[in-house]
file final10.csv (CSV, C-alpha atoms and all ligand atoms)
chain,number,residue,atom,x,y,z
A,175,MET,CA,0.0,0.0,0.0
A,176,ALA,CA,1.3,3.5,-0.9
A,177,PRO,CA,2.3,5.6,2.1
A,178,ILE,CA,-0.4,7.8,3.6
A,179,ASN,CA,-0.3,11.4,2.3
A,180,TYR,CA,-1.1,13.3,5.5
A,181,ASP,CA,-0.8,16.6,3.6
A,182,GLN,CA,-3.6,15.7,1.1
A,183,GLU,CA,-6.1,18.6,1.1
A,184,GLY,CA,-9.9,18.4,1.0
A,185,VAL,CA,-12.8,20.8,1.6
A,186,VAL,CA,-14.7,20.0,4.8
A,187,PHE,CA,-17.9,21.8,5.8
A,188,ASP,CA,-18.6,20.3,9.2
A,189,ILE,CA,-17.2,17.9,11.8
A,190,GLN,CA,-19.8,16.5,14.2
A,191,ARG,CA,-18.6,14.8,17.3
A,192,TYR,CA,-20.3,12.2,19.6
A,193,SER,CA,-22.8,11.0,16.9
A,194,ILE,CA,-24.6,7.7,17.6
A,195,HIS,CA,-25.9,7.6,14.0
A,196,ASP,CA,-24.2,6.7,10.7
A,197,GLY,CA,-22.3,3.6,11.8
A,198,PRO,CA,-21.7,1.5,15.0
A,199,GLY,CA,-20.8,3.0,18.4
A,200,VAL,CA,-19.9,6.6,19.0
A,201,ARG,CA,-18.8,8.3,15.8
A,202,THR,CA,-17.2,11.5,14.5
A,203,ILE,CA,-18.9,12.5,11.2
A,204,VAL,CA,-16.7,14.4,8.7
A,205,PHE,CA,-18.8,16.1,6.1
A,206,LEU,CA,-17.0,16.7,2.7
A,207,LYS,CA,-18.2,19.4,0.4
A,208,GLY,CA,-19.4,18.6,-3.2
A,209,CYS,CA,-22.1,16.4,-4.6
A,210,PRO,CA,-23.1,15.5,-8.1
A,211,LEU,CA,-26.7,15.0,-7.1
A,212,ARG,CA,-29.3,17.7,-6.5
A,213,CYS,CA,-31.8,15.8,-4.4
A,214,ARG,CA,-34.9,18.1,-4.0
A,215,TRP,CA,-35.1,17.2,-0.3
A,216,CYS,CA,-31.4,17.8,0.5
A,217,SER,CA,-31.1,19.1,4.0
A,218,ASN,CA,-27.5,20.3,3.6
A,219,PRO,CA,-27.6,22.5,0.4
A,220,GLU,CA,-24.2,23.9,1.4
A,221,SER,CA,-22.8,20.4,0.8
A,222,GLN,CA,-23.5,20.5,-2.9
A,223,ASP,CA,-21.1,23.0,-4.4
A,224,PRO,CA,-17.5,21.7,-4.1
A,225,LYS,CA,-16.0,25.1,-3.1
A,226,PRO,CA,-16.5,27.1,0.1
A,227,GLU,CA,-19.5,29.4,-0.1
A,228,LEU,CA,-21.2,32.2,1.9
A,229,PHE,CA,-24.2,32.0,4.2
A,230,TYR,CA,-25.9,35.4,4.7
A,231,LYS,CA,-28.3,35.9,7.6
A,232,ASP,CA,-30.2,39.1,7.0
A,233,SER,CA,-31.7,39.1,10.6
A,234,SER,CA,-28.2,39.2,12.1
A,235,CYS,CA,-26.9,42.1,9.9
A,236,ILE,CA,-26.6,45.4,11.7
A,237,HIS,CA,-25.7,47.2,8.5
A,238,CYS,CA,-22.4,48.4,9.8
A,239,GLY,CA,-20.8,48.2,6.4
A,240,LYS,CA,-17.6,46.7,7.7
A,241,CYS,CA,-17.7,43.9,5.1
A,242,LEU,CA,-18.2,46.2,2.1
A,243,PRO,CA,-14.6,47.6,1.6
A,244,VAL,CA,-12.8,44.3,2.2
A,245,CYS,CA,-14.5,42.5,-0.7
A,246,PRO,CA,-12.0,42.4,-3.6
A,247,VAL,CA,-14.6,42.2,-6.3
A,248,ALA,CA,-17.4,44.5,-4.9
A,249,ALA,CA,-19.8,41.6,-4.7
A,250,LEU,CA,-21.7,43.0,-1.6
A,251,SER,CA,-24.3,45.7,-1.8
A,252,GLN,CA,-27.1,46.8,0.6
A,253,ASP,CA,-29.1,47.5,-2.6
A,254,ASN,CA,-29.1,43.8,-3.5
A,255,PRO,CA,-32.0,42.0,-1.8
A,256,GLY,CA,-29.8,38.9,-1.3
A,257,PHE,CA,-26.8,41.2,-0.3
A,258,VAL,CA,-24.2,38.9,-2.0
A,259,ASP,CA,-23.8,38.9,-5.8
A,260,ARG,CA,-23.0,35.2,-6.0
A,261,ASP,CA,-21.9,35.3,-9.6
A,262,LYS,CA,-19.2,37.9,-8.7
A,263,CYS,CA,-18.2,36.3,-5.4
A,264,ILE,CA,-14.8,34.5,-5.5
A,265,ARG,CA,-15.5,32.9,-2.0
A,266,CYS,CA,-12.4,34.4,-0.4
A,267,GLY,CA,-14.1,34.7,3.0
A,268,ALA,CA,-12.7,38.2,3.7
A,269,CYS,CA,-16.2,39.6,4.4
A,270,ALA,CA,-17.1,36.8,6.9
A,271,GLU,CA,-13.9,37.6,8.8
A,272,ALA,CA,-14.8,41.3,8.9
A,273,CYS,CA,-18.4,40.8,10.0
A,274,PRO,CA,-18.8,41.4,13.7
A,275,THR,CA,-22.2,39.6,14.0
A,276,ASP,CA,-21.7,36.5,11.9
A,277,ALA,CA,-24.4,37.7,9.5
A,278,LEU,CA,-21.8,36.5,6.9
A,279,THR,CA,-20.2,33.1,7.5
A,280,ARG,CA,-18.3,30.8,5.2
A,281,SER,CA,-19.3,27.2,4.8
A,282,GLY,CA,-16.4,24.9,3.9
A,283,LYS,CA,-12.7,25.1,4.6
A,284,VAL,CA,-9.7,23.5,3.1
A,285,MET,CA,-8.1,21.0,5.6
A,286,THR,CA,-5.3,18.5,5.3
A,287,VAL,CA,-5.7,14.9,6.4
A,288,ASN,CA,-3.5,15.7,9.3
A,289,GLN,CA,-5.7,18.6,10.5
A,290,VAL,CA,-8.9,16.4,10.3
A,291,LEU,CA,-7.1,13.7,12.3
A,292,GLN,CA,-6.3,16.3,15.1
A,293,GLU,CA,-10.0,17.0,15.4
A,294,VAL,CA,-11.1,13.4,15.2
A,295,ARG,CA,-8.6,12.2,17.7
A,296,LYS,CA,-10.5,14.1,20.5
A,297,ASP,CA,-13.2,11.3,20.3
A,298,ALA,CA,-10.7,8.4,20.1
A,299,THR,CA,-11.2,7.1,23.6
A,300,HIS,CA,-15.0,6.8,22.9
A,301,TYR,CA,-14.2,4.7,19.8
A,302,ARG,CA,-12.4,2.2,21.8
A,303,ARG,CA,-15.1,1.8,24.4
A,304,SER,CA,-18.1,1.8,21.9
A,305,GLY,CA,-16.7,0.2,18.8
A,306,GLY,CA,-17.2,3.5,17.0
A,307,GLY,CA,-15.0,5.5,14.7
A,308,ILE,CA,-15.1,8.0,11.9
A,309,THR,CA,-17.8,8.3,9.2
A,310,LEU,CA,-17.3,10.3,6.0
A,311,SER,CA,-20.5,12.0,4.8
A,312,GLY,CA,-21.3,14.9,2.6
A,313,GLY,CA,-22.1,15.9,0.0
A,314,GLU,CA,-20.7,12.9,-1.7
A,315,PRO,CA,-17.3,11.9,-0.2
A,316,LEU,CA,-16.2,10.2,-3.3
A,317,MET,CA,-16.2,13.5,-5.2
A,318,GLN,CA,-13.0,14.1,-3.2
A,319,SER,CA,-11.8,10.6,-3.6
A,320,ASP,CA,-8.0,11.2,-3.0
A,321,PHE,CA,-8.8,13.0,0.2
A,322,ALA,CA,-11.3,10.4,1.3
A,323,ARG,CA,-8.9,7.5,0.6
A,324,GLU,CA,-6.0,9.1,2.5
A,325,LEU,CA,-8.2,10.1,5.4
A,326,LEU,CA,-9.6,6.5,5.7
A,327,LYS,CA,-6.2,5.0,5.4
A,328,ALA,CA,-4.9,7.3,8.2
A,329,CYS,CA,-7.9,6.3,10.4
A,330,HIS,CA,-7.1,2.6,9.9
A,331,GLU,CA,-3.5,3.3,10.7
A,332,GLN,CA,-4.8,4.6,14.1
A,333,GLY,CA,-6.9,1.5,14.6
A,334,TRP,CA,-10.2,3.4,14.2
A,335,ASN,CA,-13.2,1.9,12.5
A,336,THR,CA,-14.3,3.6,9.3
A,337,ALA,CA,-17.7,4.2,7.6
A,338,MET,CA,-18.8,6.2,4.6
A,339,GLU,CA,-22.2,7.4,3.4
A,340,THR,CA,-22.3,7.5,-0.4
A,341,THR,CA,-24.7,8.0,-3.2
A,342,GLY,CA,-22.7,5.6,-5.3
A,343,PHE,CA,-22.6,8.2,-8.2
A,344,THR,CA,-19.0,7.8,-9.2
A,345,THR,CA,-16.7,5.7,-11.4
A,346,PRO,CA,-15.9,2.0,-10.9
A,347,GLU,CA,-12.3,2.9,-10.5
A,348,ILE,CA,-13.0,5.2,-7.6
A,349,ILE,CA,-15.1,2.5,-5.9
A,350,ALA,CA,-12.2,0.1,-6.3
A,351,ASP,CA,-9.7,2.6,-5.0
A,352,VAL,CA,-11.6,3.8,-1.9
A,353,MET,CA,-14.1,1.2,-0.7
A,354,PRO,CA,-11.4,-1.3,0.5
A,355,HIS,CA,-10.6,1.3,3.2
A,356,VAL,CA,-14.3,1.5,4.4
A,357,ASP,CA,-15.5,-0.9,7.1
A,358,HIS,CA,-19.2,0.0,6.8
A,359,ALA,CA,-20.7,1.4,3.6
A,360,LEU,CA,-23.9,3.3,4.0
A,361,LEU,CA,-25.4,3.2,0.5
A,362,ASP,CA,-28.2,5.7,-0.3
A,363,ILE,CA,-30.8,4.4,-2.8
A,364,LYS,CA,-33.5,6.9,-3.6
A,365,ALA,CA,-35.6,5.2,-6.3
A,366,ILE,CA,-35.4,2.3,-8.7
A,367,ASP,CA,-37.6,3.9,-11.4
A,368,PRO,CA,-35.1,5.8,-13.6
A,369,ALA,CA,-37.5,8.6,-14.5
A,370,VAL,CA,-38.4,9.2,-10.8
A,371,HIS,CA,-34.8,9.2,-9.9
A,372,MET,CA,-33.8,11.7,-12.7
A,373,ALA,CA,-36.7,14.0,-11.9
A,374,ASN,CA,-35.9,14.2,-8.2
A,375,THR,CA,-32.1,14.1,-8.1
A,376,GLY,CA,-31.0,15.3,-11.5
A,377,VAL,CA,-29.0,12.2,-12.3
A,378,ASP,CA,-29.4,8.8,-13.9
A,379,ASN,CA,-29.6,6.0,-11.4
A,380,ARG,CA,-28.1,3.3,-13.6
A,381,ILE,CA,-24.6,4.1,-12.5
A,382,ILE,CA,-25.7,4.2,-8.9
A,383,LEU,CA,-27.3,0.7,-9.1
A,384,GLU,CA,-24.3,-0.7,-10.9
A,385,ASN,CA,-21.9,0.8,-8.3
A,386,ALA,CA,-24.2,-0.5,-5.5
A,387,ILE,CA,-23.4,-4.0,-6.7
A,388,ARG,CA,-19.7,-3.2,-7.0
A,389,THR,CA,-19.7,-1.7,-3.4
A,390,ALA,CA,-21.5,-4.7,-2.0
A,391,MET,CA,-18.9,-7.0,-3.6
A,392,THR,CA,-16.0,-4.9,-2.3
A,393,SER,CA,-17.1,-3.9,1.2
A,394,LYS,CA,-17.1,-5.9,4.5
A,395,SER,CA,-20.5,-4.5,5.5
A,396,VAL,CA,-23.2,-2.6,3.6
A,397,VAL,CA,-26.4,-1.0,4.8
A,398,VAL,CA,-28.9,0.4,2.2
A,399,ARG,CA,-30.4,3.7,3.3
A,400,VAL,CA,-33.6,5.2,1.9
A,401,PRO,CA,-34.8,8.7,2.4
A,402,VAL,CA,-38.5,8.3,2.3
A,403,VAL,CA,-39.9,11.4,0.6
A,404,PRO,CA,-43.6,12.2,0.1
A,405,GLY,CA,-44.6,12.0,-3.6
A,406,VAL,CA,-41.2,10.4,-4.5
A,407,ASN,CA,-40.9,7.0,-3.0
A,408,ASP,CA,-43.4,6.8,0.0
A,409,THR,CA,-45.5,4.0,-1.6
A,410,GLU,CA,-45.3,0.3,-0.7
A,411,GLN,CA,-44.5,-0.4,-4.4
A,412,ALA,CA,-41.5,2.0,-4.5
A,413,ILE,CA,-40.1,0.7,-1.2
A,414,SER,CA,-40.7,-2.9,-2.3
A,415,ASP,CA,-38.7,-2.2,-5.5
A,416,ILE,CA,-35.8,-0.8,-3.4
A,417,GLY,CA,-36.0,-3.7,-1.0
A,418,ASN,CA,-35.9,-6.3,-3.8
A,419,PHE,CA,-32.8,-4.6,-5.2
A,420,ALA,CA,-31.2,-4.5,-1.7
A,421,LYS,CA,-32.0,-8.2,-1.2
A,422,MET,CA,-30.0,-9.2,-4.3
A,423,LEU,CA,-26.9,-7.2,-3.2
A,424,PRO,CA,-24.3,-9.7,-1.7
A,425,GLY,CA,-24.0,-9.3,2.1
A,426,VAL,CA,-26.8,-6.7,2.5
A,427,GLU,CA,-29.0,-7.6,5.4
A,428,THR,CA,-30.3,-4.3,6.6
A,429,VAL,CA,-32.3,-1.3,5.2
A,430,HIS,CA,-32.7,2.0,7.0
A,431,LEU,CA,-35.7,4.1,6.3
A,432,LEU,CA,-35.3,7.8,7.0
A,433,GLY,CA,-38.4,10.0,6.8
A,434,TYR,CA,-38.3,13.3,5.0
A,435,HIS,CA,-38.2,16.4,7.2
A,436,SER,CA,-37.8,20.1,6.2
A,437,TYR,CA,-35.1,21.0,8.8
A,438,GLY,CA,-32.7,22.2,6.1
A,439,GLU,CA,-35.1,24.7,4.6
A,440,ASN,CA,-33.6,27.7,6.4
A,441,LYS,CA,-30.2,27.0,4.9
A,442,TYR,CA,-31.6,27.6,1.4
A,443,GLY,CA,-32.6,31.1,2.5
A,444,LEU,CA,-29.0,31.7,3.8
A,445,LEU,CA,-27.7,30.8,0.4
A,446,ASN,CA,-30.4,32.9,-1.4
A,447,ARG,CA,-31.8,29.8,-3.0
A,448,ALA,CA,-35.4,28.7,-3.3
A,449,TYR,CA,-36.4,25.5,-1.3
A,450,PRO,CA,-37.0,22.8,-4.0
A,451,MET,CA,-39.6,21.0,-1.8
A,452,GLY,CA,-41.8,24.1,-1.4
A,453,ASP,CA,-44.3,23.5,1.4
A,454,THR,CA,-44.3,19.7,1.3
A,455,PRO,CA,-45.1,18.6,4.8
A,456,ASP,CA,-42.7,16.3,6.8
A,457,LEU,CA,-43.4,12.6,6.3
A,458,PRO,CA,-46.0,11.6,9.0
A,459,LYS,CA,-44.5,9.4,11.7
A,460,ASP,CA,-47.1,6.7,11.1
A,461,ALA,CA,-46.1,6.4,7.4
A,462,LEU,CA,-42.9,4.4,8.1
A,463,PRO,CA,-44.0,1.3,10.1
A,464,PRO,CA,-46.0,-0.1,7.2
A,465,LEU,CA,-43.1,0.5,4.9
A,466,LYS,CA,-40.8,-1.2,7.4
A,467,LYS,CA,-43.1,-4.3,7.2
A,468,VAL,CA,-42.7,-4.3,3.4
A,469,ILE,CA,-38.9,-4.5,3.8
A,470,GLU,CA,-39.1,-7.2,6.5
A,471,SER,CA,-41.5,-9.3,4.4
A,472,LEU,CA,-38.6,-9.6,1.9
A,473,GLY,CA,-36.5,-11.2,4.7
A,474,LEU,CA,-34.4,-8.1,5.4
A,475,ASN,CA,-33.9,-6.3,8.7
A,476,CYS,CA,-35.3,-2.8,8.7
A,477,MET,CA,-34.6,0.1,11.0
A,478,ILE,CA,-36.5,3.4,11.1
A,479,GLY,CA,-33.9,6.2,11.3
A,480,GLY,CA,-30.2,5.3,11.6
B,501,LIG,S1,-16.4,35.9,0.0
B,501,LIG,FE1,-14.9,37.4,-0.7
B,501,LIG,S2,-15.5,37.8,-2.8
B,501,LIG,FE2,-17.3,36.8,-1.8
B,501,LIG,S3,-18.5,38.5,-1.0
B,501,LIG,FE3,-17.1,37.9,0.6
B,501,LIG,S4,-15.3,39.3,0.4
B,501,LIG,FE4,-16.5,39.3,-1.5
B,502,LIG,S1,-20.2,43.3,8.4
B,502,LIG,FE1,-21.8,41.9,8.9
B,502,LIG,S2,-23.2,43.1,10.1
B,502,LIG,FE2,-21.9,44.6,9.0
B,502,LIG,S3,-23.0,45.1,7.1
B,502,LIG,FE3,-21.6,43.4,6.7
B,502,LIG,S4,-22.9,41.5,6.9
B,502,LIG,FE4,-24.0,43.2,8.0

call {"tool": "encode", "arguments": {"input": "final10.csv", "output": "structure tokens"}}
result
Amino acid sequence: MAPINYDQEGVVFDIQRYSIHDGPGVRTIVFLKGCPLRCRWCSNPESQDPKPELFYKDSSCIHCGKCLPVCPVAALSQDNPGFVDRDKCIRCGACAEACPTDALTRSGKVMTVNQVLQEVRKDATHYRRSGGGITLSGGEPLMQSDFARELLKACHEQGWNTAMETTGFTTPEIIADVMPHVDHALLDIKAIDPAVHMANTGVDNRIILENAIRTAMTSKSVVVRVPVVPGVNDTEQAISDIGNFAKMLPGVETVHLLGYHSYGENKYGLLNRAYPMGDTPDLPKDALPPLKKVIESLGLNCMIGG
């Protein structure tokens, strides 16, 4: 195996500690920026663009004007209803540093593998006790495959368990390169119907389903995860189609069903983007148990949440 490149850089938009989701035990979730999908229900819209970007919270702005002169491209204007001209902005972050109230903040920063390890190490004693470890999420971690691979290798070097949440929308070469360093793959499957998938995520699902098979054949443990979204895949037929696909993946025994919620809606406002789900209500709590039964009737384990 090639030596670990601890200086490999990636763009990280969040590191969450003490999570009990997204893999076994206590976990540290490292969120990598960039995603090729545009799921209408995405609750982390700041994860989609690969580069750092600005959040602007109008209600926190005291109109002091301190940010205006530091912008090198004059992208900020009180006359602009969204305040930031996002076509002009080069994402340098100078305005966020100048802002005294955090009305402007930058999402995403460049970090090396070594810098992420320093953060993750703070939870290491909990990993040993709980069987936990690190989980890469996003965005789509495989969009930064060099960074993901080196970080996973570095975690294994420390003796930490690794997990990765992935859409599977990548190349077979990247699956072969990265997945051997993942102990638990969390594979998101949104829809089997190609037209439904395209209309709601913006991409063809053929490559995802092919890569799901490759992932299942390469990984030690794979869980299929399904965001259950009203009007997209909340029918018994749609869930049965996904369950039947999961059942034929080698080694897959468990499906997680995650109900749609609109928690991420406010972040669209901070990015001056419209919320693609409009006023779609959250999936009612009683919608999931019957769908769980559909999965279980196929001989798979099913968990609500996860
Ligand atoms: S991030 Fe940089 S370029 Fe963008 S608005 Fe702020 S100061 Fe201007
Ligand atoms: S520095 Fe912050 S508070 Fe002041 S005008 Fe700019 S965004 Fe508003």

call {"tool": "residues_around", "arguments": {"input": "final10.csv", "residues": "Ala270 of chain A", "least_positions_apart": "2", "cutoff": "8 Å", "atoms": "all atoms listed in the file", "output": "list in words"}}
result
Leu228, Cys241, Gly267, Ala268, Ala272, Cys273, Asp276, Ala277, Leu278, Thr279 and Arg280 of chain A

call {"tool": "residues_around", "arguments": {"input": "final10.csv", "residues": "Glu324 of chain A", "least_positions_apart": "6", "cutoff": "10 Å", "atoms": "all atoms listed in the file", "output": "list in words"}}
result
Ala176, Pro177, Ile178, Asn179, Tyr180, Asp181, Gln182, Glu183, Thr286, Val287, Asn288, His330, Val352 and His355 of chain A

call {"tool": "write_last_selection", "arguments": {"input": "final10.csv", "atoms": "C-alpha atoms", "output": "short mmCIF file (atom, residue, chain, number, x, y, z; two decimals), in the frame of the given file"}}
result
data_model
loop_
_atom_site.label_atom_id
_atom_site.label_comp_id
_atom_site.auth_asym_id
_atom_site.auth_seq_id
_atom_site.Cartn_x
_atom_site.Cartn_y
_atom_site.Cartn_z
CA ALA A 176 1.30 3.50 -0.90
CA PRO A 177 2.30 5.60 2.10
CA ILE A 178 -0.40 7.80 3.60
CA ASN A 179 -0.30 11.40 2.30
CA TYR A 180 -1.10 13.30 5.50
CA ASP A 181 -0.80 16.60 3.60
CA GLN A 182 -3.60 15.70 1.10
CA GLU A 183 -6.10 18.60 1.10
CA THR A 286 -5.30 18.50 5.30
CA VAL A 287 -5.70 14.90 6.40
CA ASN A 288 -3.50 15.70 9.30
CA HIS A 330 -7.10 2.60 9.90
CA VAL A 352 -11.60 3.80 -1.90
CA HIS A 355 -10.60 1.30 3.20
#

call {"tool": "closest_residue", "arguments": {"input": "final10.csv", "among": "A:Gly256, A:Met175, A:Arg380, A:Gly452", "to": "Glu331 of chain A", "atoms": "all atoms listed in the file"}}
result
A:Met175

call {"tool": "residues_near_ligand", "arguments": {"input": "final10.csv", "ligand": "ligand LIG 501 (chain B)", "cutoff": "9 Å", "atoms": "only C-alpha atoms and all ligand atoms", "output": "number ranges by chain"}}
result
A: 226-228, 241-250, 257-260, 262-272, 278-280

call {"tool": "atom_distance", "arguments": {"input": "final10.csv", "atom1": "atom CA of Ser234 of chain A", "atom2": "atom CA of Glu293 of chain A"}}
result
28.9 Å

call {"tool": "residues_around", "arguments": {"input": "final10.csv", "residues": "segment 371-375 of chain A", "least_positions_apart": "5", "cutoff": "9 Å", "atoms": "all atoms listed in the file", "output": "PyMOL selection string"}}
result
chain A and resi 211-215+364-366+406

call {"tool": "write_last_selection", "arguments": {"input": "final10.csv", "atoms": "C-alpha atoms", "output": "CSV table (one decimal), in the frame of the given file"}}
result
chain,number,residue,atom,x,y,z
A,211,LEU,CA,-26.7,15.0,-7.1
A,212,ARG,CA,-29.3,17.7,-6.5
A,213,CYS,CA,-31.8,15.8,-4.4
A,214,ARG,CA,-34.9,18.1,-4.0
A,215,TRP,CA,-35.1,17.2,-0.3
A,364,LYS,CA,-33.5,6.9,-3.6
A,365,ALA,CA,-35.6,5.2,-6.3
A,366,ILE,CA,-35.4,2.3,-8.7
A,406,VAL,CA,-41.2,10.4,-4.5

call {"tool": "atom_distance", "arguments": {"input": "final10.csv", "atom1": "atom CA of Phe229 of chain A", "atom2": "atom CA of Lys441 of chain A"}}
result
7.8 Å

call {"tool": "residues_around", "arguments": {"input": "final10.csv", "residues": "Cys329 of chain A", "least_positions_apart": "6", "cutoff": "9 Å", "atoms": "all atoms listed in the file", "output": "VMD selection string"}}
result
chain A and resid 291 307 to 308 335 to 336

call {"tool": "residues_around", "arguments": {"input": "final10.csv", "residues": "Cys476 of chain A", "least_positions_apart": "5", "cutoff": "12 Å", "atoms": "all atoms listed in the file", "output": "list of chain:residue names"}}
result
A:Val397, A:Val398, A:Arg399, A:Val400, A:Ile413, A:Gly417, A:Ala420, A:Lys421, A:Val426, A:Glu427, A:Thr428, A:Val429, A:His430, A:Leu431, A:Leu432, A:Leu462, A:Pro463, A:Pro464, A:Leu465, A:Lys466, A:Lys467, A:Val468, A:Ile469, A:Glu470, A:Ser471

call {"tool": "closest_residue", "arguments": {"input": "final10.csv", "among": "A:Ala350, A:Ile236, A:Leu361, A:Met285", "to": "ligand LIG 502 (chain B)", "atoms": "only C-alpha atoms and all ligand atoms"}}
result
A:Ile236
